[in-house]
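Printed here is data_24.tsv (TSV, C-alpha atoms and all ligand atoms):
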chain	number	residue	atom	x	y	z
A	8	MET	CA	0.00	0.00	0.00
A	9	VAL	CA	1.28	3.43	-0.93
A	10	ILE	CA	0.34	6.72	0.65
A	11	LYS	CA	-0.78	9.21	-2.00
A	12	GLY	CA	2.04	11.39	-3.25
A	13	THR	CA	4.79	8.77	-2.96
A	14	ASP	CA	7.15	8.62	-5.91
A	15	PRO	CA	5.92	5.67	-8.02
A	16	TRP	CA	9.40	4.33	-8.78
A	17	VAL	CA	10.19	4.20	-5.06
A	18	THR	CA	7.23	1.84	-4.70
A	19	GLU	CA	8.19	-0.13	-7.79
A	20	ASP	CA	11.76	-0.53	-6.61
A	21	SER	CA	10.70	-1.51	-3.13
A	22	LEU	CA	8.33	-4.15	-4.52
A	23	GLU	CA	11.03	-5.38	-6.88
A	24	GLU	CA	13.28	-5.82	-3.90
A	25	LEU	CA	10.52	-7.56	-1.96
A	26	ALA	CA	10.21	-10.02	-4.85
A	27	LEU	CA	13.97	-10.64	-4.63
A	28	LEU	CA	13.63	-11.22	-0.90
A	29	ALA	CA	10.76	-13.63	-1.55
A	30	ASP	CA	12.90	-15.45	-4.10
A	31	THR	CA	15.75	-15.67	-1.61
A	32	ALA	CA	13.32	-17.20	0.89
A	33	GLY	CA	12.24	-19.76	-1.69
A	34	ALA	CA	8.88	-18.30	-2.75
A	35	ALA	CA	7.78	-17.66	-6.34
A	36	VAL	CA	5.80	-14.48	-6.90
A	37	VAL	CA	2.56	-15.02	-8.83
A	38	GLU	CA	0.84	-11.66	-8.45
A	39	ARG	CA	1.57	-8.11	-7.27
A	40	TYR	CA	-0.88	-5.59	-5.93
A	41	VAL	CA	-0.34	-1.89	-5.37
A	42	GLN	CA	-2.91	0.32	-3.75
A	43	VAL	CA	-2.68	4.09	-3.43
A	44	ARG	CA	-4.62	5.50	-0.48
A	45	ASN	CA	-4.76	8.63	1.62
A	46	LYS	CA	-4.22	6.66	4.77
A	47	ARG	CA	-4.04	3.15	6.10
A	48	ASN	CA	-7.08	1.18	7.12
A	49	PRO	CA	-6.40	0.55	10.82
A	50	ALA	CA	-8.01	-2.89	10.73
A	51	THR	CA	-6.70	-4.33	7.49
A	52	PHE	CA	-3.83	-1.98	6.56
A	53	ILE	CA	-4.91	-1.92	2.89
A	54	GLY	CA	-8.53	-1.21	1.98
A	55	LEU	CA	-11.17	-3.83	2.53
A	56	GLY	CA	-11.99	-3.90	-1.18
A	57	LYS	CA	-8.37	-4.70	-2.00
A	58	VAL	CA	-8.38	-7.50	0.58
A	59	LYS	CA	-11.44	-8.98	-1.11
A	60	GLU	CA	-9.85	-8.61	-4.54
A	61	ILE	CA	-6.79	-10.56	-3.35
A	62	ALA	CA	-8.99	-13.17	-1.72
A	63	SER	CA	-10.89	-13.74	-4.95
A	64	CYS	CA	-7.78	-13.83	-7.15
A	65	ASN	CA	-7.82	-16.90	-9.33
A	66	GLY	CA	-4.12	-17.63	-9.10
A	67	GLN	CA	-2.84	-20.43	-6.96
A	68	PHE	CA	-0.95	-19.03	-4.00
A	69	ASP	CA	-0.15	-19.99	-0.42
A	70	LEU	CA	1.19	-16.81	1.03
A	71	VAL	CA	0.57	-13.06	0.97
A	72	ILE	CA	3.59	-10.84	1.66
A	73	PHE	CA	3.17	-7.18	2.60
A	74	ASP	CA	5.98	-4.76	1.83
A	75	ASP	CA	5.31	-2.79	5.00
A	76	ASP	CA	5.16	-3.90	8.58
A	77	LEU	CA	1.65	-4.75	9.75
A	78	SER	CA	0.55	-4.92	13.35
A	79	PRO	CA	-0.11	-8.42	14.72
A	80	ALA	CA	-3.85	-7.67	14.75
A	81	GLN	CA	-3.82	-6.53	11.11
A	82	VAL	CA	-2.03	-9.72	10.07
A	83	ASN	CA	-4.69	-11.76	11.83
A	84	THR	CA	-7.60	-9.90	10.32
A	85	VAL	CA	-6.22	-10.11	6.79
A	86	GLU	CA	-5.35	-13.81	7.25
A	87	ARG	CA	-8.90	-14.49	8.30
A	88	LEU	CA	-10.39	-12.55	5.38
A	89	ILE	CA	-8.13	-14.05	2.73
A	90	GLY	CA	-7.85	-17.50	4.23
A	91	LYS	CA	-4.11	-17.63	3.51
A	92	ARG	CA	-1.01	-17.05	5.57
A	93	VAL	CA	0.13	-13.43	5.70
A	94	ILE	CA	3.60	-12.15	6.51
A	95	ASP	CA	5.18	-8.73	6.34
A	96	ARG	CA	8.58	-7.50	5.22
A	97	SER	CA	10.13	-8.01	8.68
A	98	GLY	CA	8.77	-11.55	8.89
A	99	LEU	CA	10.22	-12.33	5.48
A	100	ILE	CA	13.63	-10.88	6.31
A	101	LEU	CA	13.64	-12.83	9.57
A	102	ASP	CA	12.90	-16.01	7.66
A	103	ILE	CA	15.86	-15.37	5.36
A	104	PHE	CA	18.10	-14.54	8.30
A	105	ALA	CA	17.10	-17.81	9.96
A	106	ARG	CA	18.10	-19.78	6.86
A	107	ARG	CA	21.33	-17.90	6.48
A	108	ALA	CA	22.61	-17.86	10.04
A	109	ARG	CA	25.70	-20.05	10.27
A	110	THR	CA	27.68	-19.18	13.36
A	111	ARG	CA	26.44	-19.51	16.92
A	112	GLU	CA	26.38	-15.76	17.27
A	113	ALA	CA	24.24	-15.22	14.17
A	114	ARG	CA	21.90	-18.04	15.11
A	115	THR	CA	21.43	-16.67	18.61
A	116	GLN	CA	20.79	-13.18	17.30
A	117	VAL	CA	18.27	-14.40	14.75
A	118	GLU	CA	16.41	-16.62	17.19
A	119	LEU	CA	16.14	-13.73	19.62
A	120	ALA	CA	14.76	-11.47	16.91
A	121	GLN	CA	12.31	-14.16	15.80
A	122	LEU	CA	10.94	-14.74	19.27
A	123	GLN	CA	10.60	-11.03	19.90
A	124	TYR	CA	8.70	-10.79	16.64
A	125	LEU	CA	6.52	-13.79	17.51
A	126	LEU	CA	5.61	-12.84	21.07
A	127	PRO	CA	3.03	-10.13	20.35
A	128	ARG	CA	1.63	-12.21	17.50
A	129	LEU	CA	0.97	-15.18	19.69
A	130	THR	CA	-2.17	-13.77	21.28
A	131	GLY	CA	-3.76	-13.00	17.96
A	132	GLN	CA	-3.25	-16.47	16.59
A	133	TRP	CA	-5.10	-18.00	19.47
A	134	LYS	CA	-7.83	-15.41	19.37
A	135	HIS	CA	-8.71	-16.14	15.81
A	136	LEU	CA	-8.62	-19.86	16.42
A	137	GLU	CA	-11.04	-19.23	19.27
A	138	ARG	CA	-13.35	-17.35	17.01
A	139	GLN	CA	-13.21	-19.98	14.31
A	140	ALA	CA	-14.12	-22.70	16.73
A	141	GLY	CA	-16.75	-20.49	18.33
A	142	GLY	CA	-14.48	-20.42	21.35
A	143	ILE	CA	-15.94	-23.70	22.55
A	144	GLY	CA	-13.49	-25.94	24.24
A	145	LEU	CA	-10.64	-23.58	23.51
A	146	ARG	CA	-10.99	-20.81	26.00
A	147	GLY	CA	-9.98	-22.53	29.21
A	148	PRO	CA	-7.12	-24.78	28.12
A	149	GLY	CA	-6.37	-22.44	25.22
A	150	GLU	CA	-5.65	-19.54	27.48
A	151	THR	CA	-3.55	-21.74	29.72
A	152	GLN	CA	-1.62	-23.03	26.75
A	153	LEU	CA	-1.09	-19.47	25.59
A	154	GLU	CA	0.22	-18.45	28.99
A	155	THR	CA	2.57	-21.44	29.01
A	156	ASP	CA	3.82	-20.63	25.52
A	157	ARG	CA	4.40	-17.03	26.47
A	158	ARG	CA	6.26	-17.95	29.61
A	159	MET	CA	8.45	-20.39	27.73
A	160	ILE	CA	9.24	-17.85	25.05
A	161	ASN	CA	10.09	-15.21	27.63
A	162	LYS	CA	12.36	-17.66	29.39
A	163	ARG	CA	14.09	-18.49	26.13
A	164	ILE	CA	14.49	-14.78	25.34
A	165	THR	CA	16.20	-14.20	28.68
A	166	ARG	CA	18.47	-17.16	28.02
A	167	LEU	CA	19.37	-15.99	24.51
A	168	LYS	CA	20.11	-12.50	25.78
A	169	SER	CA	22.53	-13.83	28.37
A	170	ASP	CA	24.13	-16.09	25.73
A	171	LEU	CA	24.59	-13.06	23.54
A	172	LYS	CA	26.19	-11.16	26.40
A	173	ARG	CA	28.69	-13.96	26.79
A	174	ILE	CA	29.43	-14.05	23.08
A	175	GLU	CA	29.78	-10.29	23.10
A	176	LYS	CA	32.34	-10.59	25.93
A	177	GLN	CA	34.41	-13.02	23.90
A	178	ARG	CA	34.21	-10.67	20.96
A	179	SER	CA	35.32	-7.73	23.01
A	180	THR	CA	38.31	-9.74	24.30
A	181	GLN	CA	39.26	-10.51	20.71
A	182	ARG	CA	38.68	-6.90	19.84
A	183	LYS	CA	41.03	-5.74	22.60
A	184	LYS	CA	43.75	-7.90	21.08
A	185	ARG	CA	43.22	-6.02	17.84
A	186	SER	CA	42.85	-2.63	19.46
A	187	ASP	CA	46.19	-1.30	18.25
A	188	GLN	CA	45.59	-2.55	14.73
A	189	PHE	CA	44.04	-0.50	12.01
A	190	LYS	CA	40.49	-1.71	11.39
A	191	VAL	CA	38.54	-1.17	8.20
A	192	ALA	CA	34.86	-2.14	8.07
A	193	ILE	CA	33.29	-2.96	4.71
A	194	VAL	CA	29.72	-1.68	4.78
A	195	GLY	CA	27.03	-1.28	2.16
A	196	TYR	CA	23.71	-2.32	0.78
A	197	THR	CA	23.05	-6.04	0.57
A	198	ASN	CA	24.48	-7.69	-2.57
A	199	ALA	CA	26.82	-4.75	-3.28
A	200	GLY	CA	29.83	-7.07	-3.34
A	201	LYS	CA	31.24	-6.60	0.19
A	202	SER	CA	32.24	-10.22	0.69
A	203	THR	CA	33.69	-10.42	-2.82
A	204	LEU	CA	35.84	-7.40	-1.96
A	205	LEU	CA	36.96	-8.92	1.34
A	206	ASN	CA	37.90	-12.11	-0.49
A	207	ALA	CA	39.78	-10.17	-3.16
A	208	MET	CA	41.75	-8.17	-0.62
A	209	THR	CA	42.55	-10.89	1.89
A	210	GLU	CA	42.47	-14.24	0.12
A	211	ALA	CA	39.63	-15.13	2.48
A	212	ASP	CA	36.92	-17.50	1.37
A	213	VAL	CA	33.72	-15.86	2.54
A	214	PHE	CA	30.48	-17.13	1.01
A	215	VAL	CA	29.35	-15.04	-1.95
A	216	GLU	CA	26.02	-15.32	-3.71
A	217	ASP	CA	23.85	-13.28	-6.03
A	218	ARG	CA	21.10	-13.15	-3.46
A	219	LEU	CA	20.27	-10.86	-0.59
A	220	PHE	CA	21.87	-11.33	2.82
A	221	ALA	CA	24.46	-13.93	1.95
A	222	THR	CA	26.45	-12.62	4.91
A	223	LEU	CA	25.14	-12.38	8.44
A	224	ASP	CA	28.35	-12.53	10.41
A	225	ALA	CA	31.23	-10.17	10.78
A	226	THR	CA	34.30	-11.85	9.27
A	227	VAL	CA	37.62	-10.37	10.30
A	228	ARG	CA	40.74	-10.88	8.17
A	229	SER	CA	44.05	-9.15	7.74
A	230	MET	CA	44.88	-7.61	4.41
A	231	LYS	CA	47.34	-9.51	2.25
A	232	GLY	CA	49.99	-8.34	-0.14
A	233	LEU	CA	51.16	-5.24	1.71
A	234	HIS	CA	54.52	-4.59	3.29
A	235	ASP	CA	52.86	-3.97	6.58
A	236	GLU	CA	50.17	-6.53	7.33
A	237	GLN	CA	48.54	-4.51	10.04
A	238	VAL	CA	45.35	-3.61	8.24
A	239	ILE	CA	42.36	-5.60	9.44
A	240	LEU	CA	39.31	-5.87	7.18
A	241	ILE	CA	35.84	-6.65	8.49
A	242	ASP	CA	33.00	-7.91	6.31
A	243	THR	CA	29.56	-7.06	7.68
A	244	VAL	CA	25.87	-7.79	7.25
A	245	GLY	CA	24.29	-5.79	4.43
A	246	PHE	CA	21.81	-2.97	4.84
A	247	ILE	CA	18.40	-2.81	3.24
A	248	ARG	CA	15.65	-0.21	3.16
A	249	LYS	CA	12.84	-0.47	5.72
A	250	LEU	CA	14.94	-2.67	7.95
A	251	PRO	CA	13.03	-2.71	11.21
A	252	HIS	CA	14.82	-1.25	14.19
A	253	HIS	CA	14.31	-4.23	16.47
A	254	LEU	CA	16.00	-6.38	13.85
A	255	VAL	CA	18.93	-4.01	13.65
A	256	ALA	CA	19.14	-3.98	17.43
A	257	SER	CA	19.41	-7.76	17.60
A	258	PHE	CA	22.47	-7.55	15.35
A	259	LYS	CA	24.14	-5.19	17.75
A	260	SER	CA	27.18	-7.33	18.44
A	261	THR	CA	27.82	-7.82	14.72
A	262	LEU	CA	27.35	-4.14	14.02
A	263	GLU	CA	29.65	-3.32	16.91
A	264	GLU	CA	32.55	-4.32	14.64
A	265	THR	CA	31.51	-1.54	12.30
A	266	VAL	CA	31.13	0.95	15.10
A	267	ARG	CA	34.68	0.26	16.29
A	268	ALA	CA	36.33	0.55	12.90
A	269	ASP	CA	38.91	3.25	12.19
A	270	LEU	CA	37.81	3.56	8.60
A	271	LEU	CA	34.71	2.58	6.61
A	272	LEU	CA	34.63	1.32	3.06
A	273	HIS	CA	31.17	2.02	1.74
A	274	VAL	CA	30.70	-0.40	-1.15
A	275	ILE	CA	28.12	0.57	-3.77
A	276	ASP	CA	26.85	-1.59	-6.64
A	277	LEU	CA	27.32	0.85	-9.50
A	278	SER	CA	25.46	-1.49	-11.87
A	279	HIS	CA	22.24	-1.44	-9.83
A	280	PRO	CA	19.48	0.69	-11.40
A	281	HIS	CA	18.85	2.43	-8.08
A	282	TYR	CA	22.30	2.57	-6.58
A	283	ILE	CA	21.97	6.25	-5.64
A	284	ASP	CA	18.98	5.44	-3.48
A	285	GLN	CA	20.76	2.43	-1.95
A	286	MET	CA	23.72	4.65	-1.21
A	287	LYS	CA	21.46	7.14	0.58
A	288	GLN	CA	19.83	4.40	2.64
A	289	VAL	CA	23.22	3.21	3.84
A	290	GLU	CA	24.40	6.74	4.61
A	291	GLU	CA	21.27	7.30	6.72
A	292	MET	CA	21.88	4.07	8.57
A	293	LEU	CA	25.47	5.11	9.27
A	294	ILE	CA	24.23	8.41	10.68
A	295	ASP	CA	21.80	6.45	12.89
A	296	MET	CA	24.73	4.42	14.13
A	297	GLY	CA	26.59	7.58	15.07
A	298	LEU	CA	29.16	7.17	12.31
A	299	LYS	CA	28.61	10.37	10.39
A	300	GLU	CA	32.10	11.71	11.04
A	301	ARG	CA	33.98	8.43	10.71
A	302	PRO	CA	36.62	8.49	7.97
A	303	LYS	CA	35.18	6.79	4.93
A	304	ILE	CA	36.01	5.87	1.37
A	305	LEU	CA	33.24	5.41	-1.18
A	306	VAL	CA	33.94	2.33	-3.28
A	307	PHE	CA	31.88	2.07	-6.45
A	308	ASN	CA	31.94	-1.62	-7.29
A	309	LYS	CA	30.89	-3.76	-10.28
A	310	ALA	CA	32.34	-1.16	-12.64
A	311	ASP	CA	32.78	-4.04	-15.11
A	312	LYS	CA	29.02	-4.49	-15.25
A	313	VAL	CA	28.06	-0.86	-15.89
A	314	GLU	CA	26.44	-0.51	-19.29
A	315	HIS	CA	27.27	3.09	-20.03
A	316	PRO	CA	30.85	4.17	-19.38
A	317	ALA	CA	29.58	7.75	-19.29
A	318	GLU	CA	27.90	6.89	-15.99
A	319	ILE	CA	31.26	6.07	-14.45
A	320	LYS	CA	32.73	9.30	-15.74
A	321	ARG	CA	29.83	11.29	-14.35
A	322	MET	CA	30.22	9.71	-10.91
A	323	ARG	CA	33.98	10.20	-11.01
A	324	ASP	CA	33.40	13.91	-11.51
A	325	GLU	CA	30.85	14.00	-8.74
A	326	TYR	CA	32.92	11.93	-6.30
A	327	PRO	CA	36.57	12.63	-7.09
A	328	ASP	CA	37.72	10.92	-3.86
A	329	ALA	CA	35.86	7.69	-4.54
A	330	GLU	CA	37.35	4.47	-5.87
A	331	PHE	CA	35.92	2.72	-8.91
A	332	ILE	CA	36.65	-0.97	-8.90
A	333	SER	CA	35.53	-4.44	-9.83
A	334	ALA	CA	36.00	-6.73	-6.86
A	335	LEU	CA	35.07	-9.72	-9.00
A	336	LYS	CA	37.52	-9.01	-11.81
A	337	GLY	CA	40.15	-7.61	-9.48
A	338	ILE	CA	40.19	-4.26	-11.26
A	339	ARG	CA	41.80	-1.51	-9.17
A	340	VAL	CA	41.72	-3.67	-6.06
A	341	ALA	CA	45.48	-3.30	-5.67
A	342	ALA	CA	45.11	0.47	-5.92
A	343	LEU	CA	42.50	0.39	-3.17
A	344	LYS	CA	44.86	-1.63	-0.98
A	345	LYS	CA	47.60	0.94	-1.47
A	346	ARG	CA	45.20	3.70	-0.65
A	347	LEU	CA	44.19	1.93	2.56
A	348	SER	CA	47.72	1.69	3.77
A	349	ARG	CA	48.26	5.34	2.86
A	350	VAL	CA	45.12	6.46	4.69
A	351	LYS	CA	46.14	4.37	7.67
A	352	LYS	CA	49.46	6.21	7.93
A	353	GLN	CA	47.79	9.58	7.51
A	354	LEU	CA	45.20	8.82	10.18
A	355	GLN	CA	47.83	7.55	12.57
A	356	LYS	CA	49.96	10.64	12.03
A	357	GLY	CA	46.87	12.73	12.50
A	358	THR	CA	47.24	14.46	9.15
A	359	LEU	CA	43.80	13.32	8.09
A	360	LYS	CA	40.71	14.46	9.94
A	361	ARG	CA	38.96	11.61	11.78
B	401	LIG	N1	29.96	-8.18	-12.24
B	401	LIG	C1	30.35	-8.09	-10.96
B	401	LIG	N2	29.72	-8.81	-10.02
B	401	LIG	C2	30.15	-8.69	-8.74
B	401	LIG	C3	31.23	-7.84	-8.37
B	401	LIG	N3	31.39	-7.93	-7.03
B	401	LIG	C4	30.47	-8.81	-6.59
B	401	LIG	N4	29.72	-9.29	-7.61
B	401	LIG	C5	28.62	-10.26	-7.54
B	401	LIG	O1	27.58	-9.72	-6.77
B	401	LIG	C6	26.92	-10.73	-6.00
B	401	LIG	C7	26.91	-10.39	-4.52
B	401	LIG	O2	28.24	-10.39	-4.03
B	401	LIG	P1	28.55	-10.53	-2.48
B	401	LIG	O3	30.03	-10.34	-2.32
B	401	LIG	O4	27.94	-11.75	-1.92
B	401	LIG	O5	27.79	-9.26	-1.95
B	401	LIG	P2	27.60	-8.80	-0.41
B	401	LIG	O6	27.63	-7.30	-0.42
B	401	LIG	O7	28.58	-9.48	0.45
B	401	LIG	O8	26.11	-9.29	-0.17
B	401	LIG	P3	25.38	-9.71	1.22
B	401	LIG	O9	26.35	-10.43	2.08
B	401	LIG	O10	24.28	-10.56	0.70
B	401	LIG	O11	24.89	-8.43	1.82
B	401	LIG	C8	27.69	-12.02	-6.31
B	401	LIG	O12	27.01	-12.71	-7.31
B	401	LIG	C9	29.05	-11.52	-6.79
B	401	LIG	O13	29.70	-12.44	-7.66
B	401	LIG	C10	31.87	-7.08	-9.42
B	401	LIG	O14	32.83	-6.33	-9.21
B	401	LIG	N5	31.39	-7.26	-10.67
B	402	MG	MG	28.32	-10.73	2.01

Rewritten as structure tokens:
Amino acid sequence: MVIKGTDPWVTEDSLEELALLADTAGAAVVERYVQVRNKRNPATFIGLGKVKEIASCNGQFDLVIFDDDLSPAQVNTVERLIGKRVIDRSGLILDIFARRARTREARTQVELAQLQYLLPRLTGQWKHLERQAGGIGLRGPGETQLETDRRMINKRITRLKSDLKRIEKQRSTQRKKRSDQFKVAIVGYTNAGKSTLLNAMTEADVFVEDRLFATLDATVRSMKGLHDEQVILIDTVGFIRKLPHHLVASFKSTLEETVRADLLLHVIDLSHPHYIDQMKQVEEMLIDMGLKERPKILVFNKADKVEHPAEIKRMRDEYPDAEFISALKGIRVAALKKRLSRVKKQLQKGTLKR
């Protein structure tokens, strides 16, 4: 659903991205609906007519995905009216995160986020079951069951939080060991090529894929092929628009690596049709994280894939301090390495503002 006056391509791009997310989660998109309204319907988010239209759609589908975050009650109402499962953007991203989490830290963070997402939705699920069954036979034991579920989830949340604290402690011990080293965090929109760049600069073997959120963990490696090996590179989880705050918060310990970095490499996929918007989203996120003043190099990646060379020239003029590279083809990666070691020296001598 779009509020009247929103730029149509913003909506189109956001939906396109939602379809990519759905694909990453293993769903095939059969139909898209866009509705322009003055305001949201508090009960059903989109208009009731639209809900009915979706319900009566002939296509075979199992799931309805909303591009915006719905309240638990709205999800329930729409589920009941359409008779199909409904999830929102956060739910979908969480699902992908759950599939992608590899390390103990990532798994703990994702499970915590999932349970926190589930908790308020638990009530609703039972309520609409109650209604369906006329409430008979469900109310007494149902309520008790619900209470038990809630208590168990809360207990698990407490447990996961303390696990995360422990993991965070280990991380901070490791971090202290690296405290005198020069740390460079690779940040950027999801699928920009951050892991590819880390691999190219460090001979690491981080998982790379042409899908969203291939990386959920912070991988730390030292840079290879320099005289001084004291530059540490950190690969991080990608950013995406409309990433819910509670989700970001649950990745705090991973993001902490970014927050502690001496220098940021903001990687941008120059071949993406909306890379300027993606770049803005990331910059806003960095401001939110208190990193506005952190030294930073803009790295325009996938230069090999750009259709019109004039585009590169235009961006070069606009961002004379940026690097233009292809992490995949290894174009100008060596130059970026040299620049990093130069910037490191400048920052350490204090000749560059930090
Ligand atoms: N043509 C081209 N493709 C690239 C380049 N760099 C990365 N890719 C491709 O872009 C896709 C995403 O690369 P990743 O390195 O996984 O991107 P990422 O930023 O780490 O993505 P997430 O971890 O999912 O946020 C992969 O298919 C890469 O092969 C490049 O310089 N040129
Ligand atoms: Mg990655």

Item to check | Surrounding residues of Gln237 of chain A excluding itself and chain neighbours under 5 positions, 8 Å, all atoms listed in the file, as a PyMOL selection string | outcome: chain A and resi 188-189+229-230

Checklist entry - How would you write, as a PyMOL selection string, the set of residues no farther than 7 Å from ligand LIG 401 (chain B) when counting all atoms listed in the file? => result chain A and resi 195-204+214-223+244-246+308-312+332-336

Item to check | Sphere at (12.5, -11.0, 20.1), radius 12 Å, counting only C-alpha atoms: residues as number ranges by chain | outcome: A: 98, 101, 115-128, 157, 160-168, 252-258

Checklist entry - Which residues come within 6 Å of Leu70 of chain A, counting all atoms listed in the file, excluding same-chain residues fewer than 4 positions away, as a ChimeraX atom specification? => result /A:91-93

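Considering the residues A:Arg107, A:Arg346, A:Lys57, A:Lys287 and counting only C-alpha atoms and all ligand atoms, ligand MG 402 (chain B) has its shortest atom-to-atom contact with A:Arg107.
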
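As for atom CA of Leu205 of chain A and atom CA of Asp187 of chain A, they are spaced 20.7 Å apart.
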
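In this comparison, which uses only C-alpha atoms and all ligand atoms, the residue of A:Asp224, A:Pro280, A:Lys259, A:Pro316 approaching ligand MG 402 (chain B) most closely is A:Asp224.
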
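With atom CA of Leu27 of chain A on one side and atom CA of Met208 of chain A on the other, the separation reads 28.2 Å.
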
Item to check | Proximity to ligand MG 402 (chain B) - best of A:Glu154, A:Asp212, A:Asp20, A:Asp76, all atoms listed in the file | outcome: A:Asp212

Item to check | Selected residue of minimal separation from Leu25 of chain A among A:Tyr326, A:Phe104, A:Phe73, A:Phe331, counting only C-alpha atoms | outcome: A:Phe73

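Here the question is which of A:Thr265, A:Gln285, A:Thr155, A:Thr209 gets nearest to Lys303 of chain A using all atoms listed in the file, and that residue is A:Thr265.
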
Checklist entry - In terms of the shortest atom-to-atom distance over only C-alpha atoms and all ligand atoms, which of A:Asp328, A:Asp170, A:Arg248, A:Val213 is closest to ligand MG 402 (chain B)? => result A:Val213

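Atom CA of Phe307 of chain A is found 26.4 Å from atom CA of Gly357 of chain A.
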
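The protein and nucleic acid residues lying at most 10 Å from Glu38 of chain A are Ile61, Cys64, Gly66, Gln67, Phe68 and Val71 of chain A, with only C-alpha atoms considered and sequence neighbours fewer than 6 positions away removed.
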
Let me have the centre and edge lengths of the axis-aligned box enclosing all listed atoms of segment 104-118 of chain A with 3 Å padding on every side, in Å to one decimal, as JSON.
{"center_x": 22.0, "center_y": -16.6, "center_z": 12.5, "size_x": 17.3, "size_y": 12.9, "size_z": 18.1}

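Shell of Glu24 of chain A at 10 Å, with only C-alpha atoms counted and residues fewer than 4 places along the chain excluded, is Thr18, Glu19, Asp20, Leu28, Ala29, Asp30, Asp74, Leu219, Ile247 and Arg248 of chain A.
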
Item to check | Selection: 9 Å around Leu250 of chain A, all atoms listed in the file, excl. self and same-chain fewer than 5 positions, as a ChimeraX atom specification | outcome: /A:96-97,100,255
